[in-house]
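Containing mmCIF, C-alpha atoms and all ligand atoms: target.cif.
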```cif
data_protein
#
loop_
_atom_site.label_atom_id
_atom_site.label_comp_id
_atom_site.auth_asym_id
_atom_site.auth_seq_id
_atom_site.Cartn_x
_atom_site.Cartn_y
_atom_site.Cartn_z
CA MET A 7 108.87 109.52 166.22
CA GLY A 8 106.36 111.59 168.17
CA MET A 9 102.90 111.18 166.71
CA GLN A 10 101.32 113.11 169.54
CA SER A 11 98.74 115.80 168.85
CA ASN A 12 95.89 117.44 170.71
CA PHE A 13 93.04 116.18 168.55
CA ILE A 14 92.17 113.60 165.95
CA TRP A 15 89.09 114.23 163.84
CA MET A 16 86.81 111.18 163.87
CA ASN A 17 83.51 110.96 162.02
CA GLY A 18 82.67 114.61 162.34
CA GLN A 19 84.14 115.42 165.76
CA LEU A 20 87.50 116.54 167.06
CA VAL A 21 88.37 113.88 169.62
CA GLU A 22 91.14 114.17 172.21
CA TYR A 23 94.23 112.22 171.14
CA GLU A 24 93.97 109.60 173.92
CA LYS A 25 90.30 108.98 173.19
CA ALA A 26 90.73 108.50 169.43
CA THR A 27 90.53 104.71 169.51
CA MET A 28 88.75 102.03 167.50
CA HIS A 29 87.39 98.65 168.57
CA PHE A 30 89.47 95.46 168.17
CA LEU A 31 86.74 94.05 165.95
CA THR A 32 87.00 96.73 163.28
CA PRO A 33 87.33 95.05 159.87
CA VAL A 34 90.13 97.34 158.65
CA ALA A 35 92.43 95.91 161.31
CA HIS A 36 91.77 92.35 160.16
CA TYR A 37 91.58 92.67 156.37
CA GLY A 38 93.26 95.99 155.51
CA VAL A 39 90.03 97.30 154.03
CA GLY A 40 90.62 101.02 154.19
CA VAL A 41 92.20 103.80 152.17
CA PHE A 42 94.35 106.64 153.34
CA GLU A 43 96.16 109.78 152.27
CA GLY A 44 99.44 111.39 153.23
CA ILE A 45 99.31 115.18 153.08
CA ARG A 46 101.57 117.90 154.43
CA SER A 47 101.00 121.38 155.75
CA TYR A 48 103.92 123.83 155.62
CA ALA A 49 104.83 127.11 157.27
CA THR A 50 104.54 130.10 154.95
CA GLU A 51 104.51 133.88 155.45
CA ARG A 52 100.72 133.65 155.35
CA GLY A 53 100.58 130.95 158.05
CA PRO A 54 100.21 127.18 157.62
CA ALA A 55 99.31 126.02 154.13
CA VAL A 56 98.28 122.55 152.96
CA PHE A 57 100.06 121.40 149.80
CA ARG A 58 97.79 120.32 146.92
CA LEU A 59 94.88 119.62 149.25
CA LYS A 60 92.31 119.36 146.45
CA GLU A 61 94.32 116.66 144.64
CA HIS A 62 94.87 114.69 147.85
CA VAL A 63 91.17 114.77 148.74
CA GLU A 64 90.25 113.75 145.19
CA ARG A 65 92.65 110.80 145.38
CA LEU A 66 91.29 109.79 148.80
CA ILE A 67 87.74 109.70 147.47
CA ASP A 68 88.90 107.94 144.33
CA SER A 69 90.79 105.33 146.39
CA ALA A 70 87.59 104.68 148.38
CA ARG A 71 85.60 104.28 145.16
CA LEU A 72 88.22 101.95 143.67
CA LEU A 73 88.16 99.80 146.78
CA GLY A 74 84.40 99.47 146.43
CA PHE A 75 82.84 101.99 148.81
CA ARG A 76 79.70 103.16 147.02
CA SER A 77 79.09 106.29 149.04
CA LEU A 78 80.84 108.29 151.71
CA PRO A 79 79.34 110.31 154.53
CA TYR A 80 81.27 113.46 153.56
CA SER A 81 81.82 115.40 150.36
CA ALA A 82 85.23 116.46 149.03
CA GLU A 83 84.57 120.00 150.26
CA GLU A 84 83.68 118.77 153.75
CA LEU A 85 86.73 116.52 153.93
CA ALA A 86 89.00 119.38 152.86
CA ALA A 87 87.45 121.57 155.56
CA ALA A 88 87.88 118.81 158.16
CA ILE A 89 91.56 118.44 157.20
CA LYS A 90 92.15 122.18 157.64
CA LEU A 91 90.23 122.12 160.92
CA THR A 92 92.49 119.31 162.18
CA VAL A 93 95.59 121.36 161.32
CA THR A 94 94.22 124.47 163.04
CA ALA A 95 92.98 122.61 166.12
CA ASN A 96 96.42 121.11 166.69
CA GLY A 97 98.26 124.39 166.23
CA PHE A 98 101.16 122.88 164.26
CA SER A 99 103.05 125.28 162.04
CA GLU A 100 104.11 122.28 159.95
CA CYS A 101 102.69 118.78 160.05
CA TYR A 102 101.92 115.56 158.23
CA ILE A 103 98.21 114.82 157.85
CA ARG A 104 96.77 111.32 157.69
CA PRO A 105 93.13 110.87 156.66
CA LEU A 106 91.86 107.29 156.77
CA ILE A 107 88.57 105.92 155.46
CA TYR A 108 88.03 102.47 156.93
CA LEU A 109 85.48 99.71 156.94
CA SER A 110 83.69 99.53 160.28
CA ASP A 111 80.42 98.46 161.79
CA GLY A 112 79.85 94.90 160.70
CA GLY A 113 81.90 94.61 157.55
CA TRP A 114 82.60 90.91 157.96
CA ASN A 115 82.21 88.10 155.42
CA LEU A 116 84.83 89.94 153.32
CA ASN A 117 82.19 92.14 151.75
CA VAL A 118 82.61 95.91 151.62
CA ASP A 119 78.84 96.31 151.32
CA ALA A 120 78.35 94.59 154.67
CA GLY A 121 79.94 97.45 156.60
CA LYS A 122 80.06 101.22 156.76
CA PRO A 123 82.89 103.64 156.00
CA SER A 124 84.27 105.53 158.98
CA ILE A 125 86.63 108.47 158.59
CA GLY A 126 89.42 109.77 160.76
CA ILE A 127 92.04 112.48 160.26
CA ALA A 128 95.21 112.68 162.34
CA ALA A 129 98.09 115.16 162.17
CA TRP A 130 101.56 114.97 163.67
CA GLU A 131 105.02 116.43 163.24
CA TRP A 132 106.92 114.07 160.92
CA THR A 133 110.35 115.21 159.81
CA ASN A 134 113.34 113.37 158.33
CA TYR A 135 111.27 110.52 156.94
CA LEU A 136 114.35 109.00 155.27
CA GLY A 137 116.81 110.01 158.00
CA GLN A 138 118.86 113.02 159.08
CA GLU A 139 121.35 112.88 156.22
CA ALA A 140 118.79 112.39 153.46
CA LEU A 141 118.23 115.96 152.32
CA GLU A 142 121.90 116.89 152.16
CA ARG A 143 123.60 113.71 151.03
CA GLY A 144 120.87 111.34 149.85
CA VAL A 145 120.22 107.75 150.90
CA ARG A 146 121.26 104.18 149.97
CA ALA A 147 118.76 101.81 148.40
CA ASN A 148 118.49 98.19 147.31
CA ILE A 149 116.35 96.47 144.73
CA SER A 150 113.86 94.55 146.81
CA SER A 151 113.46 90.80 146.62
CA PHE A 152 109.72 91.54 146.80
CA THR A 153 107.77 92.50 143.65
CA ARG A 154 105.33 95.41 143.52
CA HIS A 155 101.69 94.42 143.18
CA HIS A 156 100.33 93.34 139.84
CA PRO A 157 97.31 95.63 139.23
CA ASN A 158 95.08 92.56 139.03
CA VAL A 159 96.24 91.49 142.48
CA MET A 160 95.96 94.80 144.31
CA LEU A 161 94.90 98.22 143.07
CA THR A 162 98.08 100.20 142.65
CA LYS A 163 96.27 103.49 141.96
CA ALA A 164 94.52 103.44 145.31
CA LYS A 165 96.21 103.99 148.65
CA VAL A 166 94.65 100.85 150.14
CA VAL A 167 95.77 100.06 153.69
CA GLY A 168 96.37 96.38 152.81
CA ASN A 169 98.69 97.34 149.90
CA TYR A 170 101.18 98.58 152.42
CA ALA A 171 101.99 95.11 153.77
CA ASN A 172 104.00 94.82 150.53
CA SER A 173 105.83 98.06 151.37
CA VAL A 174 106.43 96.88 154.94
CA LEU A 175 107.99 93.61 153.68
CA ALA A 176 110.31 95.50 151.33
CA LYS A 177 111.24 98.27 153.77
CA THR A 178 111.94 95.93 156.68
CA GLU A 179 114.16 93.74 154.50
CA SER A 180 115.96 96.83 153.18
CA VAL A 181 116.68 98.31 156.60
CA ARG A 182 117.75 94.92 158.02
CA LEU A 183 120.20 94.63 155.13
CA GLY A 184 121.62 98.02 156.08
CA PHE A 185 119.97 100.20 153.40
CA ASP A 186 117.62 103.13 153.86
CA GLU A 187 114.98 102.41 151.23
CA ALA A 188 113.88 99.66 148.82
CA ILE A 189 113.13 99.95 145.11
CA LEU A 190 110.41 97.55 143.96
CA LEU A 191 110.24 96.14 140.44
CA ASP A 192 106.88 95.50 138.77
CA PRO A 193 105.77 91.96 137.82
CA GLN A 194 107.45 92.42 134.40
CA GLY A 195 110.74 93.22 136.10
CA PHE A 196 110.85 96.96 135.38
CA VAL A 197 111.35 99.62 138.01
CA ALA A 198 108.05 100.52 139.67
CA GLU A 199 108.45 102.67 142.77
CA CYS A 200 109.81 102.66 146.30
CA THR A 201 107.97 101.62 149.45
CA GLY A 202 106.52 105.12 149.89
CA GLU A 203 107.90 107.20 147.01
CA ASN A 204 107.95 107.44 143.23
CA ILE A 205 111.31 107.27 141.48
CA PHE A 206 113.13 109.30 138.80
CA THR A 207 116.45 108.94 137.00
CA VAL A 208 118.55 111.53 135.17
CA ARG A 209 120.83 110.69 132.27
CA GLN A 210 122.59 113.17 130.02
CA GLY A 211 120.34 115.97 131.22
CA ILE A 212 117.06 114.16 130.52
CA ILE A 213 114.76 113.10 133.35
CA TYR A 214 113.05 109.70 133.21
CA THR A 215 110.32 108.17 135.35
CA PRO A 216 108.29 104.94 135.04
CA PRO A 217 104.82 105.15 133.43
CA THR A 218 101.85 105.03 135.77
CA ALA A 219 100.35 101.60 134.93
CA THR A 220 101.66 99.75 138.00
CA ILE A 221 102.44 102.58 140.42
CA LEU A 222 100.71 105.10 142.62
CA GLU A 223 100.22 108.34 140.70
CA GLY A 224 102.11 110.45 143.18
CA ILE A 225 101.09 114.03 143.67
CA THR A 226 104.72 114.89 144.40
CA ARG A 227 105.68 113.07 141.18
CA ASP A 228 103.26 115.31 139.27
CA SER A 229 104.59 118.43 141.03
CA ILE A 230 108.21 117.48 140.29
CA ILE A 231 107.39 116.88 136.60
CA GLN A 232 105.84 120.34 136.36
CA LEU A 233 108.73 121.99 138.21
CA ALA A 234 111.27 120.18 136.00
CA GLN A 235 109.48 121.37 132.86
CA ASP A 236 109.38 124.92 134.27
CA LEU A 237 113.16 124.70 134.60
CA GLY A 238 113.41 123.61 130.95
CA TYR A 239 114.13 119.90 131.49
CA LYS A 240 112.66 117.23 129.28
CA VAL A 241 110.77 114.60 131.30
CA VAL A 242 110.20 111.20 129.66
CA GLU A 243 107.84 108.57 131.08
CA GLN A 244 109.19 105.18 130.01
CA ALA A 245 109.93 101.71 131.34
CA ILE A 246 113.18 101.74 133.33
CA SER A 247 115.31 98.63 133.83
CA ARG A 248 117.47 97.82 136.81
CA ASP A 249 120.71 98.47 134.88
CA GLN A 250 119.38 101.84 133.72
CA LEU A 251 119.20 102.76 137.40
CA TYR A 252 122.78 101.64 138.01
CA ARG A 253 124.20 103.72 135.16
CA ALA A 254 122.08 106.85 135.66
CA ASP A 255 123.84 110.14 136.41
CA GLU A 256 121.32 110.81 139.18
CA VAL A 257 118.44 108.93 140.81
CA PHE A 258 115.97 110.53 143.17
CA VAL A 259 112.72 109.60 144.88
CA CYS A 260 109.80 111.78 145.87
CA GLY A 261 106.68 111.57 147.97
CA THR A 262 104.71 113.61 150.46
CA ALA A 263 106.42 112.14 153.53
CA ALA A 264 109.93 111.82 152.04
CA GLU A 265 109.76 115.01 149.90
CA CYS A 266 112.57 114.94 147.25
CA ILE A 267 115.65 112.86 148.11
CA ALA A 268 118.60 111.52 146.09
CA LEU A 269 119.58 107.84 145.99
CA TYR A 270 123.36 108.06 145.94
CA GLU A 271 123.96 104.32 146.01
CA ILE A 272 121.87 101.40 144.74
CA ASP A 273 122.83 97.74 145.39
CA PHE A 274 126.36 98.81 146.42
CA ARG A 275 126.91 100.79 143.18
CA LEU A 276 127.52 104.51 143.45
CA ILE A 277 125.13 106.57 141.34
CA GLY A 278 126.88 109.36 139.43
CA GLU A 279 129.33 110.98 141.82
CA GLY A 280 127.77 109.30 144.84
CA LYS A 281 126.04 112.40 146.15
CA THR A 282 122.97 114.53 145.46
CA GLY A 283 123.38 115.56 141.81
CA PRO A 284 122.81 119.04 140.34
CA ILE A 285 119.42 118.38 138.73
CA THR A 286 118.10 116.66 141.86
CA ARG A 287 119.33 119.65 143.87
CA ALA A 288 117.65 122.15 141.54
CA LEU A 289 114.35 120.25 141.77
CA GLN A 290 114.66 119.89 145.53
CA ARG A 291 115.09 123.68 145.82
CA ALA A 292 112.17 124.45 143.50
CA TYR A 293 109.98 121.97 145.38
CA HIS A 294 110.84 123.43 148.79
CA ASP A 295 110.21 126.96 147.47
CA ALA A 296 106.82 125.80 146.19
CA LEU A 297 105.97 124.18 149.54
CA HIS A 298 106.81 127.32 151.53
CA GLY A 299 104.99 129.85 149.34
CA ARG A 300 108.10 131.20 147.62
CA HIS A 301 107.50 129.91 144.08
CA PRO A 302 105.27 131.13 141.23
CA ARG A 303 103.44 127.80 141.46
CA SER A 304 102.79 128.16 145.21
CA ASP A 305 99.52 130.06 144.96
CA GLY A 306 97.99 127.38 142.76
CA TRP A 307 99.20 124.59 144.99
CA LEU A 308 98.82 125.91 148.54
CA ASP A 309 95.66 126.12 150.60
CA TYR A 310 96.26 128.74 153.28
CA VAL A 311 94.56 127.41 156.41
CA ASN A 312 93.96 130.77 158.12
CA GLU A 313 92.36 132.26 155.03
CA SER A 314 89.85 129.47 154.43
CA VAL A 315 86.15 130.02 154.16
CA ALA A 316 84.35 128.01 156.85
CA VAL A 317 82.40 124.98 155.64
CA GLN A 318 79.62 123.73 157.88
CA LEU A 319 80.21 120.08 158.76
CA PRO A 320 77.47 117.64 159.66
CA THR A 321 78.17 116.14 163.06
CA GLN A 322 76.34 112.86 162.52
CA VAL A 323 77.65 110.13 160.25
CA THR A 324 74.97 108.92 157.91
CA ALA A 325 76.70 106.26 155.89
CA ALA A 326 74.97 104.46 153.06
N1 LIG A 401 104.28 105.45 145.95
C1 LIG A 401 103.88 104.92 147.11
C2 LIG A 401 103.81 103.45 147.24
C3 LIG A 401 103.54 105.76 148.17
O1 LIG A 401 103.12 105.23 149.32
C4 LIG A 401 103.64 107.16 148.02
C5 LIG A 401 103.29 108.07 149.15
C6 LIG A 401 104.06 107.68 146.78
C7 LIG A 401 104.38 106.78 145.77
C8 LIG A 401 104.14 109.16 146.51
O2 LIG A 401 102.86 109.71 146.47
P1 LIG A 401 102.61 111.24 146.85
O3 LIG A 401 102.74 111.36 148.31
O4 LIG A 401 101.23 111.52 146.35
O5 LIG A 401 103.64 112.04 146.14
N2 LIG A 401 103.55 107.55 150.44
C9 LIG A 401 102.84 108.11 151.59
C10 LIG A 401 102.92 107.22 152.79
C11 LIG A 401 104.24 107.06 153.44
C12 LIG A 401 104.17 106.24 154.72
O6 LIG A 401 105.23 105.78 155.15
O7 LIG A 401 103.09 106.08 155.31
C13 LIG A 401 103.32 109.53 151.86
O8 LIG A 401 104.38 109.92 151.41
O9 LIG A 401 102.58 110.23 152.53
#
```

This structure in structure tokens:
Amino acid sequence: MGMQSNFIWMNGQLVEYEKATMHFLTPVAHYGVGVFEGIRSYATERGPAVFRLKEHVERLIDSARLLGFRSLPYSAEELAAAIKLTVTANGFSECYIRPLIYLSDGGWNLNVDAGKPSIGIAAWEWTNYLGQEALERGVRANISSFTRHHPNVMLTKAKVVGNYANSVLAKTESVRLGFDEAILLDPQGFVAECTGENIFTVRQGIIYTPPTATILEGITRDSIIQLAQDLGYKVVEQAISRDQLYRADEVFVCGTAAECIALYEIDFRLIGEGKTGPITRALQRAYHDALHGRHPRSDGWLDYVNESVAVQLPTQVTAA
């Protein structure tokens, strides 16, 4: 996977890729005290456009607040402008964007208040997150032997860096077992989400997805629910058991990196006809149309980078 780019935005400056480094003694590397976002920019007839930028920036700031940061050096408007600047500076027609707010400058003694938040934004070309075959055929998944975080153990609403050790455990186990992705159950034993995606099932024409209590409130999840309702499908948020997954007509996962991908086999059981089902396909098409500016929802969801009004960014970080 090439993560190369020309520039990474760090604390108010575009820094050359090779120079975008952080010190070994940066607390985020030792304790996972940071929050991040995963955003994508897509090619449209009007040039590159960032998908649901406002919602991603809001969640980034919210994640930081949930983790305990009391103030940030940049506003939502400034962060959105910095994200678009990073896309433009790198000249990608399509890319994945990774903002990270991390504890730096003396945040030891396990106290967020003892350090300062630093912010970086990288962009790279990230395609086929779940493999070459994923879009056409779908992928194979297992139920992980690892449980998703209890919300009193880790904040599941926030994209905290440290949370992802749980995803890494589940994904590594899954791939070593020969699967493509892992499904994690919540501490009560109901289906929560995948390592980097939310999950949906379809049975007898109705779409089901787990409630949000123990999962990340995915922005793709929200987009898919709206697109499904536009197409006239009923979407029900309810607890889903493992056997409800096995006997579903269709199961699919969605997330910014993965986009919208069918699970055609779970724990060695074929789901439906063992291929991407018709409702998953219809939602996949609607989602891709929305991403590329070809859907009635596109204008509300896309932020066209070349048409943005410039926002003046402070160059000095003045953290609280
Ligand atoms: N659950 C988890 C645990 C998760 O990490 C993601 C995104 C989602 C659900 C879907 O959220 P959204 O992107 O807002 O629809 N996972 C990000 C990180 C993936 C990675 O490997 O890193 C992503 O898709 O960007």

Show me which residues are within 6 Å of ligand LIG 401 (chain A) counting all atoms listed in the file, and format the list as a list in words. Gly44, Ile45, Glu199, Thr201, Gly202, Glu203, Asn204, Leu222, Gly224, Ile225, Thr226, Arg227, Gly261, Thr262, Ala263 and Ala264 of chain A

Using all atoms listed in the file: which of A:Asp249, A:Asp309, A:Glu243, A:Glu131 has the shortest distance to Pro216 of chain A: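 Using all atoms listed in the file, Pro216 of chain A sits closest to A:Glu243.
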
Residues at most 12 Å from segment 178-185 of chain A, counting all atoms listed in the file, excluding those fewer than 2 positions away in the same chain, as a PyMOL selection string? chain A and resi 136-137+144-152+170-176+187-190+200-201+269-274

Just C-alpha atoms for this one: save the residues we selected as an mmCIF file, in the frame of the given file.
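Dumped everything to result22.cif:
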```cif
data_model
loop_
_atom_site.group_PDB
_atom_site.id
_atom_site.type_symbol
_atom_site.label_atom_id
_atom_site.label_comp_id
_atom_site.auth_asym_id
_atom_site.auth_seq_id
_atom_site.Cartn_x
_atom_site.Cartn_y
_atom_site.Cartn_z
ATOM 1 C CA LEU A 136 114.350 109.000 155.270
ATOM 2 C CA GLY A 137 116.810 110.010 158.000
ATOM 3 C CA GLY A 144 120.870 111.340 149.850
ATOM 4 C CA VAL A 145 120.220 107.750 150.900
ATOM 5 C CA ARG A 146 121.260 104.180 149.970
ATOM 6 C CA ALA A 147 118.760 101.810 148.400
ATOM 7 C CA ASN A 148 118.490 98.190 147.310
ATOM 8 C CA ILE A 149 116.350 96.470 144.730
ATOM 9 C CA SER A 150 113.860 94.550 146.810
ATOM 10 C CA SER A 151 113.460 90.800 146.620
ATOM 11 C CA PHE A 152 109.720 91.540 146.800
ATOM 12 C CA TYR A 170 101.180 98.580 152.420
ATOM 13 C CA ALA A 171 101.990 95.110 153.770
ATOM 14 C CA ASN A 172 104.000 94.820 150.530
ATOM 15 C CA SER A 173 105.830 98.060 151.370
ATOM 16 C CA VAL A 174 106.430 96.880 154.940
ATOM 17 C CA LEU A 175 107.990 93.610 153.680
ATOM 18 C CA ALA A 176 110.310 95.500 151.330
ATOM 19 C CA GLU A 187 114.980 102.410 151.230
ATOM 20 C CA ALA A 188 113.880 99.660 148.820
ATOM 21 C CA ILE A 189 113.130 99.950 145.110
ATOM 22 C CA LEU A 190 110.410 97.550 143.960
ATOM 23 C CA CYS A 200 109.810 102.660 146.300
ATOM 24 C CA THR A 201 107.970 101.620 149.450
ATOM 25 C CA LEU A 269 119.580 107.840 145.990
ATOM 26 C CA TYR A 270 123.360 108.060 145.940
ATOM 27 C CA GLU A 271 123.960 104.320 146.010
ATOM 28 C CA ILE A 272 121.870 101.400 144.740
ATOM 29 C CA ASP A 273 122.830 97.740 145.390
ATOM 30 C CA PHE A 274 126.360 98.810 146.420
#
```

Please identify all polymer residues within 10 Å of His298 of chain A, counting all atoms listed in the file, omitting same-chain residues fewer than 4 positions from it, and present them as a ChimeraX atom specification. /A:47-57,293-294,304,308

Using all atoms listed in the file for the distances, tell me which of A:Gly74, A:Asn96, A:Leu116, A:Lys90 is nearest to His36 of chain A.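 Checking each of A:Gly74, A:Asn96, A:Leu116, A:Lys90 against His36 of chain A, counting all atoms listed in the file, the winner is A:Leu116.
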
If you take all atoms listed in the file and a cut-off of 12 Å, which residues of segment 111-191 of chain A touch segment 77-82 of chain A, and what are their nearest atom pairs and distances in Å to one decimal, in chain and number order, as JSON lines?
```
{"residue": "A:Val118", "atom": "CA", "partner": "A:Ser77", "partner_atom": "CA", "distance": 11.3}
{"residue": "A:Asp119", "atom": "CA", "partner": "A:Ser77", "partner_atom": "CA", "distance": 10.2}
{"residue": "A:Gly121", "atom": "CA", "partner": "A:Ser77", "partner_atom": "CA", "distance": 11.7}
{"residue": "A:Lys122", "atom": "CA", "partner": "A:Leu78", "partner_atom": "CA", "distance": 8.7}
{"residue": "A:Pro123", "atom": "CA", "partner": "A:Leu78", "partner_atom": "CA", "distance": 6.7}
{"residue": "A:Ser124", "atom": "CA", "partner": "A:Pro79", "partner_atom": "CA", "distance": 8.2}
{"residue": "A:Ile125", "atom": "CA", "partner": "A:Pro79", "partner_atom": "CA", "distance": 8.5}
{"residue": "A:Gly126", "atom": "CA", "partner": "A:Tyr80", "partner_atom": "CA", "distance": 11.5}
```

So the first atom is atom CA of Val41 of chain A and the second is atom CA of Gly306 of chain A; what is the distance between them in Å, to one decimal place? 26.0 Å

Give me the residues near segment 70-72 of chain A as a VMD selection string, where near means some atom within 10 Å (using all atoms listed in the file) and where sequence neighbours in that chain fewer than 3 positions away do not count. chain A and resid 39 to 42 64 to 67 75 to 78 106 to 108 123 161 163 to 166

Given only C-alpha atoms as the counted atoms, nearest of A:Trp307, A:Tyr37, A:Phe206, A:Trp130 to Leu59 of chain A: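 Smallest separation from Leu59 of chain A among the options: A:Trp307.
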
Report, in Å to a single decimal, how far apart atom CA of Val34 of chain A and atom CA of Ala129 of chain A are.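 Interatomic distance here is 19.8 Å.
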
At a cut-off of 10 Å, using all atoms listed in the file, what residues contact Met160 of chain A? Leave out same-chain residues fewer than 5 positions from it and give the result as a PyMOL selection string. chain A and resi 73+154-155+166+168-169+220

As JSON, what would the box around segment 129-140 of chain A look like: edges along x, y and z, 6 Å added on every side, centre and edge lengths in Å to one decimal?
```
{"center_x": 109.7, "center_y": 112.7, "center_z": 158.6, "size_x": 35.3, "size_y": 19.4, "size_z": 22.2}
```

Quick one, how far is atom CA of Gly280 of chain A from atom CA of His301 of chain A? 28.9 Å

Considering all atoms listed in the file, can you say which of A:Ile89, A:Leu289, A:Val257, A:Gly113 comes closest to Leu20 of chain A?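 Ranked by minimum distance to Leu20 of chain A, first place goes to A:Ile89.
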
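Proximity ranking of A:Leu191, A:Val197, A:Val242, A:Leu141 relative to Cys266 of chain A places A:Leu141 first, based on only C-alpha atoms.
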
Residues at most 10 Å from His156 of chain A, counting only C-alpha atoms, excluding those fewer than 5 positions away in the same chain, as number ranges by chain? A: 161-162, 192-194, 219-221

Take the selection from the previous step and output its residues with C-alpha atoms, as a CSV table (one decimal), keeping the file's coordinate frame.
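So the final result, stored in out_17.csv, reads:
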```csv
chain,number,residue,atom,x,y,z
A,161,LEU,CA,94.9,98.2,143.1
A,162,THR,CA,98.1,100.2,142.6
A,192,ASP,CA,106.9,95.5,138.8
A,193,PRO,CA,105.8,92.0,137.8
A,194,GLN,CA,107.4,92.4,134.4
A,219,ALA,CA,100.4,101.6,134.9
A,220,THR,CA,101.7,99.8,138.0
A,221,ILE,CA,102.4,102.6,140.4
```

Kindly indicate which residue among A:Thr92, A:Gln210, A:Thr133, A:Leu233 lies nearest to Tyr23 of chain A, using all atoms listed in the file for the distances.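 Checking each of A:Thr92, A:Gln210, A:Thr133, A:Leu233 against Tyr23 of chain A, counting all atoms listed in the file, the winner is A:Thr92.
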